[in-house]
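Report on one structure; see the data block that follows.
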Number of protein chains: 4
Amino acid sequence: MLVVMQQGATEEQIQNVIDRLVELDFDVHRSTGVMHTVLGGVGGRADFDLAIFEVMEGVKEAHRIISPYKLASRVFRPAGTTVAIRDVAIGGQQIVVMAGPAVAESRDQIEECAAVVSKAGAKILRGGTSPLLRDAADRHGLLVIAEVEDLTQVPLVSEFADILMVASRNMQNFSLLCELGKQSKPVLLKRGMAATIEELLLSAERILAGGNYNVILCERGIRTFETYTAATMDISAIPVVKKLSHLPIIADPSHGTGRRDKVPAMARAAVAAGADGLLIEVHPDPDHAQSDGAQSLRPEQFAELMEQLRIIAPAVGRTL
Amino acid sequence: MLVVMQQGATEEQIQNVIDRLVELDFDVHRSTGVMHTVLGGVGGRADFDLAIFEVMEGVKEAHRIISPYKLASRVFRPAGTTVAIRDVAIGGQQIVVMAGPAVAESRDQIEECAAVVSKAGAKILRGGTSPLLRDAADRHGLLVIAEVEDLTQVPLVSEFADILMVASRNMQNFSLLCELGKQSKPVLLKRGMAATIEELLLSAERILAGGNYNVILCERGIRTFETYTAATMDISAIPVVKKLSHLPIIADPSHGTGRRDKVPAMARAAVAAGADGLLIEVHPDPDHAQSDGAQSLRPEQFAELMEQLRIIAPAVGRTL
Amino acid sequence: MLVVMQQGATEEQIQNVIDRLVELDFDVHRSTGVMHTVLGGVGGRADFDLAIFEVMEGVKEAHRIISPYKLASRVFRPAGTTVAIRDVAIGGQQIVVMAGPAVAESRDQIEECAAVVSKAGAKILRGGTSPLLRDAADRHGLLVIAEVEDLTQVPLVSEFADILMVASRNMQNFSLLCELGKQSKPVLLKRGMAATIEELLLSAERILAGGNYNVILCERGIRTFETYTAATMDISAIPVVKKLSHLPIIADPSHGTGRRDKVPAMARAAVAAGADGLLIEVHPDPDHAQSDGAQSLRPEQFAELMEQLRIIAPAVGRTL
Amino acid sequence: MLVVMQQGATEEQIQNVIDRLVELDFDVHRSTGVMHTVLGGVGGRADFDLAIFEVMEGVKEAHRIISPYKLASRVFRPAGTTVAIRDVAIGGQQIVVMAGPAVAESRDQIEECAAVVSKAGAKILRGGTSPLLRDAADRHGLLVIAEVEDLTQVPLVSEFADILMVASRNMQNFSLLCELGKQSKPVLLKRGMAATIEELLLSAERILAGGNYNVILCERGIRTFETYTAATMDISAIPVVKKLSHLPIIADPSHGTGRRDKVPAMARAAVAAGADGLLIEVHPDPDHAQSDGAQSLRPEQFAELMEQLRIIAPAVGRTL
């Protein structure tokens with residue numbers, strides 16, 4: 001904790017800040033410079049609001065030195081986390097692709113999707129929240145990822161899914177995150193459209209704090225002024241997260257672009273930037289999909305993309 | 001529904017778009033220009049995804065003509081909606097101020113807050129989700145607004161609160177919105193930090209669609225590249241919402257700035273821009289508040305602000 | 001200058017940072033905490049790049065303690081700057097309104113504009129870069145503000161204008177800023193659409209550094225994801241600049257909204273938030289204006305707005 | 001040109017819009033629907049402001065059908081443009097890498113840089129605006145790219161450089177763009193930090209309109225709320241530009257990230273997404289660089305990156 005006082009801050013103002021630091025159990029070190037006095041706080045509580053200091057009289061700026069997240073930080077597990085489920089390891093040497101329709105519409109459709117994505121090399125089947133996913137996945141040697149939309153859905157979805165997915169708009173649904181912290185199944189946590197990387201890690205921290213260490217992060221685009229695409233994929237978040245955290249991170253180019261013709265380029269970019277995997281929407285007939293048709297790849301496009309990714313993977317020391 | 005074809009689009013591409021429009025029950029009008037063919041669709045389903053057309057071969061752009069929200073649009077109630085609770089009318093001639101602490105910390109604290117804000121002219125008491133609010137409010141002739149964090153909290157909070165508040169991070173918690181649509185109590189819906197004005201109205205539409213027409217919107221700042229303030233208050237959203245929708249809109253300068261010393265300026269700005277009310281955090285001792293201390297006004301600051309607002313209100317034909 | 005080392009940073013990494021600080025003429029104070037070592041640098045050069053430290057091995061974060069701007073900071077002139085031109089003082093007790101068309105189209109048009117805005121209470125005439133402005137302004141007791149688009153235009157525009165305006169897209173045209181620093185005429189510097197408040201002040205610093213202390217800042221909207229308006233006016237920049245800098249700040253709601261029907265609300269908001277003045281586009285026949293017609297007020301709308309502003313001004317201790 | 005009238009728009013309002021369209025030389029087609037009247041305008045002037053219609057009474061929305069840029073659009077040259085300079089072709093089958101220091105600091109430094117980047121496979125030398133670049137480039141079989149900061153610098157820089165570069169902050173410096181349109185040397189135009197893809201193409205249009213068709217676009221990051229990186233590289237702009245325009249597009253991961261350790265990941269991502277080339281800062285001793293040291297690669301990092309790019313290129317059907 002560092003508080004930089006304004007030039008000309010009075011002794012009383014400085015003392016007020018010191019008192020406030022002491023109230024929060026910090027040991028205070030004072031350094032008086034020619035222009036600015038700097039107060040360093042050591043120890044102290046972690047759960048305070050930095051802005052408290054920023055609005056005090058005579059304060060120029062305040063900085064938190066210790067990251068607001070601990071369990072999610074790289075320091076906690078320097079070697080990195082691998083989320084292993086049966087024979088699939090997310091965060092390991094192999095890039096893991098999760099694919100399927102936005103929604104499992106029928107037994108036939110999901111069966112066809114499972115066949116297609118499995119053949120092309122995907123390891124995990126997606127398809128909304130439907131139990132239909134389980135059988136289709138099993139028949140094709142796939143795992144299942146399914147969305148939990150609120151805390152009441154956790155028990156049911158946990159019964160049939162291997163990974164529980166938190167959508168972007170729920171990244172700060174704290175009731176849901178708290179519930180997921182109590183589960184043993186891995187959680188895929190998508191970055192919110194207005195969330196900084198730090199906020200993504202803070203949301204992950206809530207799940208880890210509950211005891212569930214199997215968290216996979218997912219970059220899926222942030223909201224910017226550019227409206228040509230549905231969102232702007234922050235590809236640089238991939239190397240940034242790799243530095244800040246030990247958790248695996250994958251990318252979702254389907255939601256990240258909103259348009260089928262941009263998905264392959266962004267999937268390749270994410271892998272080239274070091275992503276641990278991809279989450280991609282694939283539909284046998286996207287023009288008539290119930291949901292997300294415009295951003296779903298056709299089966300042949302998906303197969304072609306997987307071939308391109310196989311070429312790229314060795315550039316980052318990976319396989320697919 | 002308008003689809004503009006690219007220059008040089010083939011007859012087959014045009015026909016494919018026509019077929020797709022017909023599948024969605026549109027009557028199609030074709031207009032062949034020198035450079036572009038334009039297809040207009042009339043009637044048709046409302047629940048389709050515009051992007052479906054944007055990714056079709058030969059399509060340049062597609063526009064939805066009819067707003068994706070109906071019940072929330074100004075056309076639906078040209079005269080505007082007034083949300084009336086006992087003797088308070090939000091959206092009427094009087095500007096309504098809701099004030100109090102972030103959290104009701106104790107019986108004494110909330111009692112002191114209620115006394116302070118009531119005396120200065122506030123009509124509604126805020127203070128998190130605590131039932132403690134009720135007694136304090138009643139003693140000072142105030143109504144109560146309280147937050148519902150997820151759908152499971154709705155029954156309990158409805159018991160003691162007059163207005164149910166949906167926080168910014170829950171603006172697209174559809175399970176919660178659906179539940180609130182079934183209630184009779186008014187709902188205050190805060191704009192998400194990454195939500196466009198249209199998305200705010202679409203979330204309101206979900207509540208209205210359930211039959212609850214007492215919805216109050218709230219601008220509380222959006223996320224931008226400027227980090228000096230906690231968020232950038234989009235004051236222009238106030239006149240924009242007034243044009244697009246019949247629903248009342250208020251502003252929350254406490255969350256919108258995150259800093260006590262910026263709250264009065266933004267509260268004045270919101271009223272001057274035509275807001276129907278304000279939601280402001282006030283705490284008897286903000287330096288020791290459990291939450292949001294940096295953005296809570298001191299009682300004397302709040303009283304001074306109310307005096308300034310009384311000067312401004314007539315400029316927009318209102319009273320306070 | 002503060003450098004926070006990562007947890008577990010090696011002694012060699014720490015020494016490398018110390019060496020780099022010494023190279024830049026800093027006196028270094030080392031503070032070894034349980035988790036983090038913090039290095040404070042005092043004295044030292046001002047013109048270094050903070051990122052140099054951020055990318056060094058073992059560094060967690062680096063903070064510049066002393067503002068990167070000096071002449072523009074509030075500390076430099078705590079009482080604030082008033083830019084006085086003849087009988088007009090910008091930054092004083094009176095709110096100063098600058099108004100007129102986007103472009104002076106003809107002698108008649110600019111004459112009519114000057115008459116209209118002068119009668120309603122404006123003090124300064126705007127209208128692009130045309131020398132036609134001078135005569136019209138003089139006849140109606142107005143000053144002239146005119147744009148300089150690049151450094152080659154400075155001599156000519158200086159001949160007839162009282163204030164030289166730098167448009168938003170030129171905020172970081174350093175050749176132009178450098179030239180303006182050598183002038184004696186006041187400069188109005190508009191914030192760029194992607195510029196932080198700090199960057200605005202850094203651009204002002206370049207003019208001040210040349211010896212021209214008569215700089216007026218202008219908030220005109222930043223680019224955000226909200227596309228309903230042409231830009232999102234950052235009204236909170238007004239109180240923020242007032243705290244950080246001694247320079248006057250005005251607002252331009254015409255470019256800030258891009259739409260005539262939103263201009264009055266935002267003009268009122270800016271004044272209520274403490275702006276020192278306004279820059280507003282007014283045209284006798286906006287539907288047929290050569291430029292910016294959609295955002296130009298009609299004469300009667302401008303007169304009505306001025307009446308509203310006269311009601312609001314006393315709320316912030318000002319007159320109009 | 002399409003104007004959608006509001007539900008309930010009066011016949012007079014509709015007629016006013018028709019009159020305005022006719023004034024702008026449009027042939028008007030009226031389509032009266034159950035809910036909305038739509039007016040289509042064909043022919044007509046290109047240089048009108050869409051907002052003029054958006055603010056008219058009774059108008060719901062207005063859409064420009066024909067792109068505001070013509071020469072820069074893909075339709076103009078469906079096969080794409082290749083900018084050829086001696087034996088280098090930008091936009092062709094080979095990915096072209098431009099590399100070197102931010103600034104040519106001395107004859108020795110630029111000589112060393114040229115040797116390093118040439119050996120690793122770069123084709124073009126960068127290094128600010130210094131004529132020192134020419135000799136070093138020639139000795140190592142490289143071309144030269146150099147920045148022009150304002151219109152007065154064009155003649156001098158044209159004497160020694162093969163490509164003239166417009167920095168991000170000058171993307172809308174129209175005086176400069178106009179001057180560059182008159183040159184025969186190729187121009188590299190960087191996207192502004194707040195510029196949409198459409199605005200980038202509109203700036204390119206200004207150069208093309210002057211008769212200089214050798215324009216290369218460059219994505220270098222846009223400004224978003226995420227501050228961990230200096231900018232957020234919009235990698236999706238690469239496939240988007242490829243669809244909208246015939247001009248080549250390269251990426252600048254040095255300015256796009258601001259940090260050396262993120263440059264390789266983003267360089268790989270850009271190539272995987274289909275970029276025609278890269279612009280990368282390389283310095284023999286970045287810790288002591290005069291400028292941009294934190295974002296400059298060390299020689300061995302650059303060589304390693306080039307090896308990775310050679311693996312990726314075939315995935316997009318290219319060579320390096």
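Residue numbering restarts at 1 for every chain of the structure tokens, chains are lettered A, B, ... in their displayed order, and ligands are numbered from 1 as they appear.
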(Q) Show me, as a VMD selection string, the residues that have an atom within 9 Å of Arg64 in chain C when counting only C-alpha atoms, minus same-chain residues fewer than 5 positions from it. (A) chain C and resid 1 to 3 50
Q.
Please list as a ChimeraX atom specification every residue within 6 Å of Ile216 in chain A, counting only C-alpha atoms and excluding residues in the same chain fewer than 2 positions away.
A. /A:188,248-249
Which residues of chain C come within 9 Å of chain B, and for each one, what is the closest pair of atoms and their distance in Å to one decimal, counting only C-alpha atoms, sorted by chain and residue number, as a tab-separated table?
residue	atom	partner	partner_atom	distance
C:Ala194	CA	B:Phe225	CA	7.7
C:Ala195	CA	B:Glu226	CA	8.1
C:Thr196	CA	B:Glu226	CA	5.5
C:Ile197	CA	B:Glu226	CA	7.4
C:Glu198	CA	B:Tyr228	CA	8.8
C:Ile222	CA	B:Thr224	CA	8.7
C:Arg223	CA	B:Thr224	CA	8.2
C:Thr224	CA	B:Thr224	CA	6.0
C:Phe225	CA	B:Thr196	CA	7.3
C:Glu226	CA	B:Thr196	CA	5.5
C:Thr227	CA	B:Thr196	CA	8.0
C:Tyr228	CA	B:Ile197	CA	7.8
C:Thr229	CA	B:Ser236	CA	7.8
C:Thr232	CA	B:Asp234	CA	6.3
C:Met233	CA	B:Asp234	CA	6.9
C:Asp234	CA	B:Thr232	CA	6.3
C:Ile235	CA	B:Ile235	CA	7.3
C:Ser236	CA	B:Met266	CA	6.6
C:Ala237	CA	B:Tyr228	CA	8.7
C:Ile238	CA	B:Ala265	CA	8.7
C:Pro239	CA	B:Lys262	CA	6.5
C:Val240	CA	B:Lys262	CA	7.5
C:Thr257	CA	B:Ser236	CA	7.6
C:Asp261	CA	B:Pro239	CA	8.5
C:Lys262	CA	B:Pro239	CA	6.5
C:Pro264	CA	B:Ala273	CA	8.0
C:Ala265	CA	B:Ala273	CA	4.4
C:Met266	CA	B:Ala273	CA	6.1
C:Ala267	CA	B:Ala273	CA	8.3
C:Arg268	CA	B:Ala272	CA	5.4
C:Ala269	CA	B:Ala269	CA	3.9
C:Ala270	CA	B:Ala269	CA	6.5
C:Val271	CA	B:Ala269	CA	7.7
C:Ala272	CA	B:Ala269	CA	5.1
C:Ala273	CA	B:Ala265	CA	4.4
C:Gly274	CA	B:Ala265	CA	7.0
C:Glu307	CA	B:Ala315	CA	8.2
C:Gln308	CA	B:Ala315	CA	4.9
C:Leu309	CA	B:Ala315	CA	7.4
C:Arg310	CA	B:Ala315	CA	8.4
C:Ile311	CA	B:Ala315	CA	5.7
C:Ile312	CA	B:Ile312	CA	4.9
C:Ala313	CA	B:Ile312	CA	8.3
C:Pro314	CA	B:Ile311	CA	7.4
C:Ala315	CA	B:Gln308	CA	4.9
C:Val316	CA	B:Gln308	CA	7.5
Q) range 206-302 of chain C: which residues are helix (DSSP H, G or I) by DSSP, as a ChimeraX atom specification? A) /C:206-209,237-244,253-257,260-272,286-288,293-295,299-302
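The list of residues with at least one atom within 10 Å of Asp135 in chain C, based on only C-alpha atoms and without residues fewer than 6 positions apart in the same chain, reads Arg107, Ile110, Glu111, Ala114, Gly141, Leu142, Val144 and Phe160 of chain C.
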(Q) If we count only C-alpha atoms and set the cut-off at 9 Å, which residues sit around His246 in chain C, ignoring sequence neighbours fewer than 6 positions away in its own chain? Please answer as a PyMOL selection string. (A) chain C and resi 72-82
Output C-alpha atoms for every residue in the selection just made, as a compact mmCIF listing (two decimals), in the first residue's frame.
# COMPACT_ATOMS: atom_id res chain seq x y z
CA ALA C 72 -0.69 22.87 -16.53
CA SER C 73 -1.12 21.55 -13.01
CA ARG C 74 -3.24 23.24 -10.38
CA VAL C 75 -0.22 23.42 -8.08
CA PHE C 76 1.45 25.79 -10.52
CA ARG C 77 -1.32 28.39 -10.09
CA PRO C 78 -3.62 27.41 -7.25
CA ALA C 79 -5.89 30.40 -7.78
CA GLY C 80 -6.72 29.38 -11.34
CA THR C 81 -6.16 31.10 -14.66
CA THR C 82 -8.47 33.65 -16.20
Might you pull out every residue within 6 Å of Ile145 in chain A, with only C-alpha atoms counted and same-chain residues fewer than 4 positions away left off, and present them as a compact mmCIF listing (two decimals) with N, CA, C and O atoms, in the first residue's frame?
# COMPACT_ATOMS: atom_id res chain seq x y z
N ARG A 126 -20.04 -28.86 -26.93
CA ARG A 126 -20.84 -27.80 -26.32
C ARG A 126 -22.24 -27.85 -26.94
O ARG A 126 -22.44 -28.50 -27.96
N ALA A 161 -22.92 -32.76 -17.07
CA ALA A 161 -21.81 -32.08 -17.74
C ALA A 161 -20.48 -32.33 -17.05
O ALA A 161 -20.43 -32.57 -15.85
N ASP A 162 -19.39 -32.25 -17.82
CA ASP A 162 -18.05 -32.40 -17.26
C ASP A 162 -17.45 -31.06 -16.89
O ASP A 162 -16.58 -30.97 -16.04
N ILE A 163 -17.88 -30.01 -17.59
CA ILE A 163 -17.41 -28.65 -17.30
C ILE A 163 -18.63 -27.73 -17.22
O ILE A 163 -19.52 -27.81 -18.06
N LEU A 164 -18.67 -26.87 -16.21
CA LEU A 164 -19.78 -25.93 -16.04
C LEU A 164 -19.33 -24.57 -16.57
O LEU A 164 -18.29 -24.06 -16.18
(Q) I need the strand (DSSP E) residues of range 151-248 of chain B per DSSP on the backbone, written as a list of chain:residue names. (A) B:Ile163, B:Leu164, B:Met165, B:Val166, B:Val187, B:Leu188, B:Leu189, B:Lys190, B:Val215, B:Ile216, B:Leu217, B:Cys218, B:Glu219
Deliver the residues from the most recent selection as a file, using C-alpha atoms, as a short mmCIF file (atom, residue, chain, number, x, y, z; two decimals), in the first residue's frame.
data_model
loop_
_atom_site.label_atom_id
_atom_site.label_comp_id
_atom_site.auth_asym_id
_atom_site.auth_seq_id
_atom_site.Cartn_x
_atom_site.Cartn_y
_atom_site.Cartn_z
CA ILE B 163 -38.89 -0.54 -4.93
CA LEU B 164 -36.74 -3.50 -5.97
CA MET B 165 -33.35 -2.52 -7.37
CA VAL B 166 -31.35 -4.45 -9.98
CA VAL B 187 -38.33 -2.14 -10.23
CA LEU B 188 -35.31 0.15 -10.60
CA LEU B 189 -33.12 -1.23 -13.40
CA LYS B 190 -29.54 0.03 -13.59
CA VAL B 215 -39.98 0.09 -14.29
CA ILE B 216 -37.59 2.97 -13.56
CA LEU B 217 -34.33 3.13 -15.50
CA CYS B 218 -31.06 4.34 -14.03
CA GLU B 219 -27.90 5.70 -15.70
#
